[in-house]
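Structure file work.txt (compact mmCIF, C-alpha atoms) is printed below.
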```txt
# COMPACT_ATOMS: atom_id res chain seq x y z
CA MET A 261 106.05 97.44 101.11
CA ALA A 262 109.23 95.67 100.01
CA THR A 263 109.61 97.68 96.83
CA GLY A 264 113.40 97.60 96.93
CA GLY A 265 113.39 93.84 96.50
CA GLY A 266 116.27 91.64 97.51
CA THR A 267 119.66 91.31 95.86
CA GLN A 268 120.33 88.60 93.31
CA ILE A 269 123.57 86.62 93.24
CA GLU A 270 125.30 88.97 90.79
CA GLY A 271 124.55 92.02 92.94
CA ALA A 272 121.56 93.60 91.19
CA ALA A 273 118.28 94.36 92.96
CA GLY A 274 115.98 91.42 92.37
CA GLY A 275 115.17 88.02 93.76
CA GLY A 276 117.74 85.29 94.37
CA VAL A 277 118.94 84.52 90.84
CA VAL A 278 116.85 86.85 88.64
CA PRO A 279 117.28 90.64 88.49
CA TRP A 280 114.16 92.80 88.66
CA ALA A 281 113.50 96.18 87.07
CA VAL A 282 113.46 97.80 90.52
CA ILE A 283 116.25 100.09 91.67
CA ALA A 284 118.20 99.12 94.80
CA GLY A 285 117.14 100.74 98.09
CA TYR A 286 113.90 102.46 98.98
CA GLY A 287 114.76 105.82 97.48
CA ALA A 288 112.18 107.86 95.55
CA GLU A 289 113.12 110.59 93.09
CA ASP A 290 115.98 112.78 94.39
CA GLU A 291 116.70 110.20 97.07
CA PHE A 292 119.55 107.83 97.67
CA GLY A 293 119.40 104.24 98.85
CA ALA A 294 121.93 101.49 99.44
CA ASP A 295 121.96 97.77 100.16
CA ALA A 296 124.58 95.43 101.60
CA THR A 297 123.86 91.74 101.18
CA VAL A 298 125.45 88.43 102.06
CA SER A 299 124.11 85.30 100.41
CA TYR A 300 125.00 81.67 100.66
CA ALA A 301 123.89 78.61 98.73
CA THR A 302 124.90 75.08 99.51
CA THR A 303 124.35 71.92 97.47
CA ARG A 304 125.82 68.43 97.64
CA ASP A 305 129.15 69.41 96.05
CA LEU A 306 129.04 73.19 95.85
CA ASP A 307 129.04 76.19 98.16
CA LEU A 308 128.42 79.62 96.71
CA SER A 309 129.12 82.70 98.83
CA VAL A 310 128.21 86.18 97.65
CA LEU A 311 128.93 89.62 99.06
CA ALA A 312 127.07 92.39 97.29
CA LEU A 313 126.87 96.16 97.63
CA SER A 314 124.53 98.37 95.67
CA VAL A 315 123.46 101.97 95.57
CA GLY A 316 120.40 103.43 93.92
CA PHE A 317 119.65 107.08 93.30
CA ASP A 318 116.69 109.07 92.06
CA ASN A 319 114.82 105.75 91.76
CA ARG A 320 116.45 105.65 88.33
CA PHE A 321 120.08 104.52 88.51
CA GLU A 322 121.66 101.58 90.28
CA LEU A 323 125.33 100.69 90.64
CA SER A 324 126.32 97.37 92.16
CA PHE A 325 129.29 95.23 92.98
CA GLY A 326 129.16 91.52 93.70
CA HIS A 327 131.93 89.21 94.77
CA GLN A 328 131.20 85.51 94.31
CA ARG A 329 133.14 82.53 95.53
CA LEU A 330 132.20 79.03 94.48
CA ASP A 331 133.79 76.22 96.46
CA VAL A 332 133.84 72.97 94.53
CA GLY A 333 134.08 70.18 97.08
CA PRO A 334 135.11 67.18 94.95
CA LEU A 335 137.87 69.18 93.23
CA ASP A 336 138.98 70.76 96.52
CA THR A 337 139.17 74.11 94.81
CA GLN A 338 137.40 77.42 94.48
CA VAL A 339 136.63 79.87 91.70
CA ARG A 340 135.94 83.54 92.35
CA GLN A 341 134.36 86.26 90.31
CA ASN A 342 133.71 90.01 90.58
CA VAL A 343 130.63 91.48 88.98
CA PHE A 344 130.32 95.21 88.29
CA GLY A 345 126.72 96.10 87.56
CA ALA A 346 124.72 99.11 86.42
CA LYS A 347 121.01 99.43 85.85
CA MET A 348 118.80 102.24 84.61
CA ARG A 349 115.05 102.54 84.82
CA LEU A 350 113.83 103.37 81.33
CA ALA A 351 110.07 103.63 81.76
CA GLY A 352 107.10 102.89 83.96
CA ASP A 353 106.71 102.50 87.69
CA LEU A 354 106.53 99.23 89.57
CA ILE A 355 103.27 100.22 91.28
CA TYR A 356 101.83 103.40 89.83
CA THR A 357 101.67 102.96 86.06
CA ASP A 358 99.69 100.42 84.06
CA MET A 359 102.90 99.79 82.18
CA PRO A 360 105.43 97.75 84.16
CA GLN A 361 108.66 99.29 85.31
CA ILE A 362 111.24 98.57 82.61
CA SER A 363 114.98 98.73 83.21
CA LEU A 364 118.11 98.07 81.21
CA GLY A 365 121.11 96.58 82.99
CA VAL A 366 124.68 95.49 82.37
CA GLN A 367 126.84 93.14 84.42
CA HIS A 368 130.53 93.16 83.67
CA LYS A 369 132.12 90.03 85.10
CA ARG A 370 135.75 89.26 85.77
CA GLN A 371 136.53 85.68 86.65
CA GLN A 372 139.57 85.49 88.94
CA ASP A 373 140.58 81.82 88.96
CA PHE A 374 140.75 80.80 85.33
CA VAL A 375 142.69 77.51 85.58
CA ILE A 376 139.65 75.25 85.91
CA PRO A 377 137.40 77.18 83.47
CA SER A 378 140.25 77.13 80.99
CA ALA A 379 140.72 73.38 81.46
CA LEU A 380 136.99 72.93 80.79
CA GLY A 381 137.37 74.87 77.55
CA ALA A 382 136.24 78.41 78.46
CA ARG A 383 137.58 81.00 76.01
CA SER A 384 137.69 84.11 78.15
CA SER A 385 137.98 85.09 81.80
CA SER A 386 135.77 88.14 81.46
CA GLY A 387 132.49 89.02 79.82
CA THR A 388 129.54 91.36 79.92
CA ASP A 389 125.85 90.49 80.16
CA VAL A 390 123.19 92.95 79.04
CA TYR A 391 119.60 92.51 80.22
CA LEU A 392 116.18 94.08 79.96
CA SER A 393 113.78 93.58 82.88
CA ALA A 394 110.09 94.33 83.23
CA SER A 395 108.50 94.23 86.70
CA LYS A 396 104.97 94.95 87.83
CA LEU A 397 103.36 94.88 91.25
CA PHE A 398 99.63 94.30 91.30
CA LEU A 399 98.62 95.91 94.61
CA ALA A 400 95.39 93.95 94.92
CA GLY A 401 96.05 90.78 92.98
CA PRO A 402 94.61 87.33 93.66
CA GLY A 403 92.53 87.34 96.84
CA GLY A 404 93.47 90.97 97.43
CA ARG A 405 97.12 89.98 97.95
CA SER A 406 99.90 91.91 96.21
CA LEU A 407 101.51 90.03 93.34
CA LEU A 408 104.83 90.86 91.75
CA LEU A 409 105.65 89.54 88.30
CA ASN A 410 108.98 89.92 86.61
CA GLY A 411 110.45 88.96 83.25
CA THR A 412 114.06 89.42 82.16
CA VAL A 413 115.75 88.82 78.83
CA ARG A 414 119.54 88.57 79.02
CA ALA A 415 122.24 88.47 76.35
CA THR A 416 125.18 86.46 77.66
CA ASN A 417 127.97 84.08 76.76
CA ALA A 418 128.77 83.20 80.38
CA ASN A 419 129.31 79.66 81.63
CA GLU A 420 127.44 79.16 84.91
CA THR A 421 126.92 82.96 85.15
CA GLY A 422 130.65 83.46 84.50
CA LEU A 423 131.99 81.42 87.40
CA LEU A 424 133.29 79.00 84.74
CA GLY A 425 134.41 81.74 82.39
CA PHE A 426 132.92 82.84 79.09
CA GLY A 427 132.40 81.15 75.73
CA GLY A 428 133.56 77.72 74.66
CA ALA A 429 133.88 75.30 71.79
CA GLU A 430 130.09 74.94 71.39
CA ASN A 431 129.44 78.66 71.30
CA ASP A 432 131.41 81.83 71.87
CA SER A 433 128.95 84.62 71.13
CA HIS A 434 126.20 86.26 73.15
CA ARG A 435 122.85 84.50 73.05
CA LEU A 436 119.50 85.40 74.59
CA VAL A 437 118.16 83.64 77.66
CA GLY A 438 114.89 84.21 79.48
CA GLU A 439 114.36 84.61 83.21
CA ALA A 440 111.14 84.98 85.14
CA SER A 441 109.96 85.29 88.71
CA ALA A 442 106.76 85.77 90.64
CA ALA A 443 106.19 86.67 94.29
CA LEU A 444 102.96 86.77 96.25
CA PHE A 445 102.80 88.85 99.43
CA LEU A 446 101.00 86.80 102.06
CA SER A 447 101.20 89.76 104.40
CA ARG A 448 102.72 93.24 104.27
CA ASN A 449 106.15 91.81 105.10
CA THR A 450 106.18 88.19 103.95
CA ALA A 451 106.33 86.96 100.37
CA VAL A 452 106.61 83.56 98.75
CA GLY A 453 107.71 83.09 95.19
CA ILE A 454 109.35 81.17 92.44
CA GLU A 455 112.16 82.02 90.05
CA TYR A 456 113.36 80.50 86.81
CA ARG A 457 116.57 81.28 84.97
CA GLN A 458 117.34 79.77 81.60
CA LYS A 459 120.98 78.93 80.88
CA ARG A 460 122.69 77.67 77.76
CA ALA A 461 125.80 75.53 77.42
CA ASN A 462 128.84 76.95 75.63
CA LEU A 463 131.41 74.43 76.82
CA SER A 464 131.81 71.23 74.87
CA GLY A 465 130.96 68.15 76.91
CA VAL A 466 130.06 70.07 80.09
CA ASP A 467 126.31 70.29 80.69
CA GLU A 468 124.74 73.48 81.98
CA ASP A 469 121.18 73.37 83.28
CA ASP A 470 118.50 75.98 83.86
CA TRP A 471 118.17 77.17 87.44
CA TRP A 472 115.01 77.50 89.47
CA ASP A 473 114.11 78.12 93.08
CA VAL A 474 111.20 78.59 95.40
CA PHE A 475 111.68 81.21 98.09
CA ILE A 476 110.20 82.88 101.11
CA GLY A 477 111.16 86.45 101.90
CA TYR A 478 110.67 88.30 105.16
CA PHE A 479 110.84 92.10 105.14
CA PRO A 480 110.22 93.16 108.76
CA ASN A 481 111.25 96.76 108.11
CA LYS A 482 113.00 98.95 105.56
CA ASN A 483 116.43 98.22 107.00
CA PHE A 484 116.54 94.47 106.99
CA SER A 485 115.32 91.53 104.97
CA VAL A 486 115.98 87.83 104.79
CA ILE A 487 115.28 85.44 101.94
CA GLY A 488 115.43 81.66 102.22
CA ALA A 489 115.06 79.33 99.26
CA PHE A 490 115.30 75.85 97.88
CA VAL A 491 117.45 76.06 94.75
CA ASP A 492 118.01 73.58 91.95
CA LEU A 493 121.13 74.29 89.89
CA GLY A 494 121.02 70.99 87.98
CA SER A 495 124.38 69.87 86.62
CA VAL A 496 127.31 72.24 87.26
CA ALA A 497 130.85 71.57 85.96
CA GLY A 498 130.05 67.92 85.45
CA LEU A 499 128.65 67.53 88.97
CA GLU A 500 125.10 66.24 88.67
CA ARG A 501 122.01 67.13 90.69
CA GLN A 502 123.12 70.19 92.57
CA SER A 503 120.16 71.29 94.64
CA GLY A 504 120.04 72.66 98.14
CA ALA A 505 119.41 75.62 100.39
CA TYR A 506 119.91 79.34 99.84
CA LEU A 507 119.93 82.10 102.44
CA SER A 508 120.32 85.82 101.89
CA LEU A 509 120.53 88.59 104.48
CA GLN A 510 120.23 92.20 103.42
CA ALA A 511 120.68 95.51 105.16
CA SER A 512 119.22 98.59 103.49
CA PHE A 513 119.78 102.29 104.12
CA MET B 265 113.49 71.26 81.40
CA ASN B 266 113.38 71.60 77.66
CA ARG B 267 115.26 74.81 76.83
CA TRP B 268 113.00 75.76 73.99
CA VAL B 269 109.93 75.51 76.20
CA ALA B 270 111.70 77.47 78.92
CA SER B 271 112.74 80.18 76.54
CA VAL B 272 109.24 80.52 75.08
CA ALA B 273 107.72 80.54 78.57
CA ALA B 274 110.08 83.27 79.75
CA SER B 275 109.38 85.33 76.63
CA VAL B 276 105.64 85.00 77.11
CA VAL B 277 105.95 86.21 80.70
CA THR B 278 108.09 89.15 79.60
CA LEU B 279 105.78 90.13 76.75
CA SER B 280 102.64 89.81 78.83
CA LEU B 281 104.21 92.20 81.35
CA ILE B 282 105.13 94.73 78.70
CA ALA B 283 101.55 94.68 77.38
CA PRO B 284 99.26 96.77 79.62
CA ALA B 285 98.20 94.03 81.96
CA GLN B 286 95.38 94.47 84.40
CA ILE B 287 94.27 90.87 83.85
CA LEU B 288 95.40 89.77 87.25
CA ALA B 289 93.77 92.58 89.14
CA ASP B 290 90.43 91.49 90.47
CA GLU B 291 87.54 93.68 89.45
CA SER B 292 85.21 92.71 92.25
CA GLU B 293 84.45 96.10 93.69
CA ARG B 294 81.84 97.50 91.35
CA ASP B 295 79.61 97.22 94.41
CA ASP B 296 79.86 98.31 98.02
CA ARG B 297 81.91 95.31 99.14
CA LEU B 298 85.07 97.35 99.73
CA PHE B 299 83.03 99.90 101.71
CA GLN B 300 81.75 97.04 103.88
CA GLN B 301 85.24 95.51 104.22
CA LEU B 302 86.53 98.87 105.47
CA GLY B 303 83.91 98.72 108.20
CA GLY B 304 81.38 101.10 106.65
CA LEU B 305 81.30 104.80 107.61
CA GLY B 306 82.35 104.00 111.17
CA GLY B 307 85.39 102.08 109.95
CA ILE B 308 86.38 104.82 107.52
CA ASP B 309 85.98 107.44 110.29
CA LEU B 310 88.38 105.43 112.40
CA ILE B 311 90.92 105.01 109.55
CA VAL B 312 90.91 108.76 108.84
CA GLU B 313 91.18 109.58 112.56
CA GLU B 314 94.22 107.30 112.88
CA LEU B 315 95.68 108.73 109.68
CA LEU B 316 95.48 112.25 111.11
CA VAL B 317 97.30 111.05 114.23
CA GLU B 318 100.04 109.47 112.08
CA ILE B 319 100.41 112.60 109.93
CA SER B 320 100.65 114.84 113.01
CA ARG B 321 103.63 112.77 114.20
CA ASP B 322 105.38 112.55 110.83
CA LEU B 323 108.04 115.23 110.48
CA ARG B 324 108.50 114.31 106.81
CA ILE B 325 105.09 115.65 105.81
CA VAL B 326 103.39 117.42 108.71
CA GLU B 327 104.54 120.79 107.33
CA GLN B 328 102.48 120.18 104.18
CA PHE B 329 99.37 120.22 106.37
CA ALA B 330 100.24 123.46 108.20
CA GLU B 331 97.58 125.44 106.31
CA THR B 332 95.01 122.64 106.31
CA ASN B 333 91.61 123.04 107.93
CA VAL B 334 91.74 119.71 109.75
CA GLU B 335 88.00 119.31 110.30
CA ARG B 336 87.21 119.99 106.64
CA PHE B 337 90.03 117.67 105.53
CA ARG B 338 88.71 114.94 107.79
CA ARG B 339 85.13 115.28 106.52
CA LEU B 340 86.11 115.36 102.84
CA LEU B 341 88.53 112.46 103.13
CA VAL B 342 85.91 110.28 104.82
CA GLU B 343 83.47 111.26 102.09
CA GLN B 344 86.00 110.50 99.36
CA ILE B 345 87.00 107.09 100.73
CA CYS B 346 83.33 106.25 101.23
CA ASP B 347 82.66 107.28 97.61
CA ILE B 348 85.51 105.37 95.94
CA SER B 349 84.89 102.25 98.02
CA GLY B 350 81.32 102.05 96.74
CA GLY B 351 79.64 103.49 99.82
CA PRO B 352 76.58 105.79 99.91
CA CYS B 353 78.50 109.09 99.61
CA GLU B 354 79.39 111.51 96.88
CA TYR B 355 82.70 113.32 97.20
CA SER B 356 81.89 117.04 97.24
CA GLY B 357 85.42 118.42 97.37
CA ASP B 358 87.57 119.84 94.61
CA SER B 359 89.53 117.72 92.14
CA MET B 360 92.81 116.18 93.28
CA GLU B 361 94.80 118.45 90.93
CA LEU B 362 93.11 121.55 92.35
CA VAL B 363 93.46 120.49 95.99
CA HIS B 364 97.17 119.76 95.61
CA GLY B 365 97.93 122.66 93.26
CA GLY B 366 101.02 124.60 94.33
CA MET B 367 101.94 122.11 97.05
CA GLU B 368 104.61 120.49 94.90
CA ILE B 369 104.23 117.17 96.66
CA THR B 370 107.20 114.90 96.00
CA GLU B 371 107.20 111.14 95.43
CA ALA B 372 108.85 110.72 98.84
CA GLU B 373 106.08 112.72 100.55
CA PHE B 374 103.42 110.71 98.73
CA ASN B 375 105.13 107.48 99.83
CA ALA B 376 105.23 108.75 103.41
CA LEU B 377 101.48 109.36 103.34
CA VAL B 378 100.88 105.86 101.98
CA GLU B 379 102.95 104.46 104.86
CA ASN B 380 100.87 106.47 107.33
CA LEU B 381 97.65 105.21 105.75
CA ILE B 382 98.85 101.61 106.01
CA THR B 383 99.70 102.13 109.69
CA ALA B 384 96.27 103.73 110.22
CA MET B 385 94.51 100.82 108.53
CA ASP B 386 96.55 98.34 110.58
CA THR B 387 95.52 100.16 113.76
CA ALA B 388 91.90 100.14 112.61
CA ARG B 389 92.25 96.39 111.96
CA VAL B 390 91.33 96.59 108.29
CA PRO B 391 91.98 93.20 106.62
CA LEU B 392 94.97 93.08 104.24
CA ALA B 393 92.88 92.46 101.10
CA ALA B 394 90.68 95.48 101.81
CA GLN B 395 93.78 97.60 102.52
CA ASN B 396 95.25 96.62 99.18
CA ARG B 397 92.01 97.32 97.30
CA LEU B 398 91.79 100.80 98.81
CA LEU B 399 95.48 101.46 98.12
CA ARG B 400 94.91 100.50 94.49
CA LYS B 401 92.08 103.03 94.23
CA LEU B 402 94.28 105.73 95.73
CA ALA B 403 97.27 104.73 93.58
CA GLU B 404 95.23 105.68 90.52
CA MET B 405 95.10 109.28 91.83
CA ARG B 406 98.84 109.59 92.36
CA SER B 407 99.59 111.36 89.09
CA ASP B 408 97.00 114.06 90.01
CA ILE B 409 98.53 114.54 93.46
CA ILE B 410 102.30 114.73 93.03
CA HIS B 411 104.18 117.55 91.31
CA GLN B 412 101.13 119.83 91.17
```

Could you spell out this file's structure in structure tokens?
Amino acid sequence: MATGGGTQIEGAAGGGVVPWAVIAGYGAEDEFGADATVSYATTRDLDLSVLALSVGFDNRFELSFGHQRLDVGPLDTQVRQNVFGAKMRLAGDLIYTDMPQISLGVQHKRQQDFVIPSALGARSSSGTDVYLSASKLFLAGPGGRSLLLNGTVRATNANETGLLGFGGAENDSHRLVGEASAALFLSRNTAVGIEYRQKRANLSGVDEDDWWDVFIGYFPNKNFSVIGAFVDLGSVAGLERQSGAYLSLQASF
Amino acid sequence: MNRWVASVAASVVTLSLIAPAQILADESERDDRLFQQLGGLGGIDLIVEELLVEISRDLRIVEQFAETNVERFRRLLVEQICDISGGPCEYSGDSMELVHGGMEITEAEFNALVENLITAMDTARVPLAAQNRLLRKLAEMRSDIIHQ
């Protein structure tokens, strides 16, 4: 059972773009687990590469680090960002309680190439998101298949998750956004799902669209998983219609 | 997509998860369908037999069974699975709390047993949906089994 999930683009245990309430790795109480993940998304004008490391312990705490690099083809440039994450399970169990597993997380982000974000009007090169996630696995859901549902509420002032800095002329303060995902296990090791991540524009004159994707995940064993997806990022940094492929490979210990 | 709609939709999903939600679980086994899907008594016998083989090979938990009377365990487990799957049996053993009292079973050990049961059901060629329905029944007993 793939209860450790994948790793989302900011480094937290989750799907592709949405964090889940699960704790990284397969550790139970008093156990330790770790994940190393490489992810890559490519659209018409953009290439996003992510390297993420995470550790979970006691099935309660998770620490993560994500390094993101976004190559912007038409501008022949790249922006990079480091994300330092922490997550704590507050209540519930993904499988064994009627109540969903609920976790509180933070993602502290430090944008490293601020020239372009600054030119677009971003106010700050660093920021911190805070999120609350609820995840529940229905062991015997529709047709006896296991169904995972997840909802996340995030407070953020990031532009394009922070890759384009934080705040702007339209808005500088943290606002709430909603994120949701669902995955259906077709077999013990294969899941298909959908994710949605709301985003809000802070920069004046630069559109920012919600993100969504449909994915298929393969979890052949506890040490390896692969997730492939079709992602739609909408308009990013003035570049319209950015949709394409996403691939994520994860090793777990 | 309209942001307002998206934001409401995401909130609804989040709230519906926080509310105790069993809506999506199917409640179709008030009858003996699960018992039949498991292959009846013969199928359950086979699952339990395979489970015992898996346990005997599993160094994570085999020690917990050192004092177990294997034949009695086998008989009562078949009876219990038959009972909870809607079959024509009545579990005659002690309560789960009593049986596991003093064993101090950890979450990791419980998870290991679940893995062994899944392997056993795979070997016995139990369909995925029936596996999941049985696992859900057993999941309800977890709090009476661990940390006793």

Using all atoms listed in the file, list the residues that have an atom at most 9 Å from (89.3, 92.7, 110.0), coordinates as in the file, as a short mmCIF file (atom, residue, chain, number, x, y, z; two decimals) with C-alpha atoms, in the frame of the given file.
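Saved file result_39.cif follows:
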```cif
data_model
loop_
_atom_site.label_atom_id
_atom_site.label_comp_id
_atom_site.auth_asym_id
_atom_site.auth_seq_id
_atom_site.Cartn_x
_atom_site.Cartn_y
_atom_site.Cartn_z
CA GLN B 301 85.24 95.51 104.22
CA LEU B 302 86.53 98.87 105.47
CA GLY B 303 83.91 98.72 108.20
CA ALA B 388 91.90 100.14 112.61
CA ARG B 389 92.25 96.39 111.96
CA VAL B 390 91.33 96.59 108.29
CA PRO B 391 91.98 93.20 106.62
CA LEU B 392 94.97 93.08 104.24
CA ALA B 394 90.68 95.48 101.81
#
```

List every residue of chain A that has an atom at most 7 Å from any atom of chain B, and for each one report the closest atom pair and its distance in Å to one decimal, counting all atoms listed in the file, with rows sorted by chain and then by increasing residue number, as JSON lines.
```
{"residue": "A:Ala288", "atom": "CA", "partner": "B:Ala372", "partner_atom": "CA", "distance": 5.5}
{"residue": "A:Glu289", "atom": "CA", "partner": "B:Glu371", "partner_atom": "CA", "distance": 6.4}
{"residue": "A:Tyr356", "atom": "CA", "partner": "B:Ala403", "partner_atom": "CA", "distance": 6.1}
{"residue": "A:Asp358", "atom": "CA", "partner": "B:Pro284", "partner_atom": "CA", "distance": 5.8}
{"residue": "A:Met359", "atom": "CA", "partner": "B:Pro284", "partner_atom": "CA", "distance": 5.4}
{"residue": "A:Pro360", "atom": "CA", "partner": "B:Ile282", "partner_atom": "CA", "distance": 6.2}
{"residue": "A:Ala394", "atom": "CA", "partner": "B:Leu281", "partner_atom": "CA", "distance": 6.5}
{"residue": "A:Phe398", "atom": "CA", "partner": "B:Ala289", "partner_atom": "CA", "distance": 6.5}
{"residue": "A:Leu399", "atom": "CA", "partner": "B:Asn396", "partner_atom": "CA", "distance": 5.7}
{"residue": "A:Ala400", "atom": "CA", "partner": "B:Asn396", "partner_atom": "CA", "distance": 5.0}
{"residue": "A:Gly401", "atom": "CA", "partner": "B:Ala289", "partner_atom": "CA", "distance": 4.8}
{"residue": "A:Pro402", "atom": "CA", "partner": "B:Asp290", "partner_atom": "CA", "distance": 6.7}
{"residue": "A:Gly403", "atom": "CA", "partner": "B:Ala393", "partner_atom": "CA", "distance": 6.7}
{"residue": "A:Gly404", "atom": "CA", "partner": "B:Ala393", "partner_atom": "CA", "distance": 4.0}
{"residue": "A:Arg405", "atom": "CA", "partner": "B:Ala393", "partner_atom": "CA", "distance": 5.8}
{"residue": "A:Gly411", "atom": "CA", "partner": "B:Thr278", "partner_atom": "CA", "distance": 4.4}
{"residue": "A:Thr412", "atom": "CA", "partner": "B:Thr278", "partner_atom": "CA", "distance": 6.5}
{"residue": "A:Val437", "atom": "CA", "partner": "B:Ser271", "partner_atom": "CA", "distance": 6.5}
{"residue": "A:Gly438", "atom": "CA", "partner": "B:Ala274", "partner_atom": "CA", "distance": 4.9}
{"residue": "A:Glu439", "atom": "CA", "partner": "B:Ala274", "partner_atom": "CA", "distance": 5.7}
{"residue": "A:Ala440", "atom": "CA", "partner": "B:Ala274", "partner_atom": "CA", "distance": 5.8}
{"residue": "A:Gln458", "atom": "CA", "partner": "B:Ala270", "partner_atom": "CA", "distance": 6.7}
```

For the residues selected in the previous step, produce a file with C-alpha atoms as a PDB file, keeping the file's coordinate frame.
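Output file selection_12.pdb follows:
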```
ATOM      1  CA  ALA A 288     112.180 107.860  95.550  1.00  0.00           C
ATOM      2  CA  GLU A 289     113.120 110.590  93.090  1.00  0.00           C
ATOM      3  CA  TYR A 356     101.830 103.400  89.830  1.00  0.00           C
ATOM      4  CA  ASP A 358      99.690 100.420  84.060  1.00  0.00           C
ATOM      5  CA  MET A 359     102.900  99.790  82.180  1.00  0.00           C
ATOM      6  CA  PRO A 360     105.430  97.750  84.160  1.00  0.00           C
ATOM      7  CA  ALA A 394     110.090  94.330  83.230  1.00  0.00           C
ATOM      8  CA  PHE A 398      99.630  94.300  91.300  1.00  0.00           C
ATOM      9  CA  LEU A 399      98.620  95.910  94.610  1.00  0.00           C
ATOM     10  CA  ALA A 400      95.390  93.950  94.920  1.00  0.00           C
ATOM     11  CA  GLY A 401      96.050  90.780  92.980  1.00  0.00           C
ATOM     12  CA  PRO A 402      94.610  87.330  93.660  1.00  0.00           C
ATOM     13  CA  GLY A 403      92.530  87.340  96.840  1.00  0.00           C
ATOM     14  CA  GLY A 404      93.470  90.970  97.430  1.00  0.00           C
ATOM     15  CA  ARG A 405      97.120  89.980  97.950  1.00  0.00           C
ATOM     16  CA  GLY A 411     110.450  88.960  83.250  1.00  0.00           C
ATOM     17  CA  THR A 412     114.060  89.420  82.160  1.00  0.00           C
ATOM     18  CA  VAL A 437     118.160  83.640  77.660  1.00  0.00           C
ATOM     19  CA  GLY A 438     114.890  84.210  79.480  1.00  0.00           C
ATOM     20  CA  GLU A 439     114.360  84.610  83.210  1.00  0.00           C
ATOM     21  CA  ALA A 440     111.140  84.980  85.140  1.00  0.00           C
ATOM     22  CA  GLN A 458     117.340  79.770  81.600  1.00  0.00           C
TER      23      GLN A 458
END
```

**OP:** Mind giving me the straight-line distance from CA of Asp467 in chain A to CA of Thr303 in chain A in Å, one decimal?
**Re:**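 Atom-to-atom, CA of Asp467 in chain A to CA of Thr303 in chain A, that is 17.0 Å.
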
Original post:
Just how far from CA of Asp305 in chain A is CA of Arg501 in chain A, in Å to one decimal?
Top reply: 9.2 Å

**OP:** Please provide the set of residues having any atom within 9 Å of Gly326 in chain A, restricted to all atoms listed in the file, with same-chain residues fewer than 5 positions apart removed, written as a list in words.
**Re:** Ile269, Glu270, Gly271, Ala272, Val310, Leu311, Ala312, Leu313, Ser314, Gln341, Asn342, Val343, Phe344 and Gly345 of chain A

Original post:
Rounded to one decimal in Å, what is the spacing between CA of Gly293 in chain A and CA of Lys347 in chain A?
Top reply: 14.0 Å

Original post:
Which one is closest to Val491 in chain A: A:Val339, A:Val332, A:Ala301, A:Val366? Count all atoms listed in the file.
Top reply: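 Among the listed residues, the smallest separation from Val491 in chain A belongs to A:Ala301.
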
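Nearest residue to Ser320 in chain B, choosing from B:Ile409, B:Gly365, B:Val334, B:Leu340 and counting all atoms listed in the file: B:Val334.
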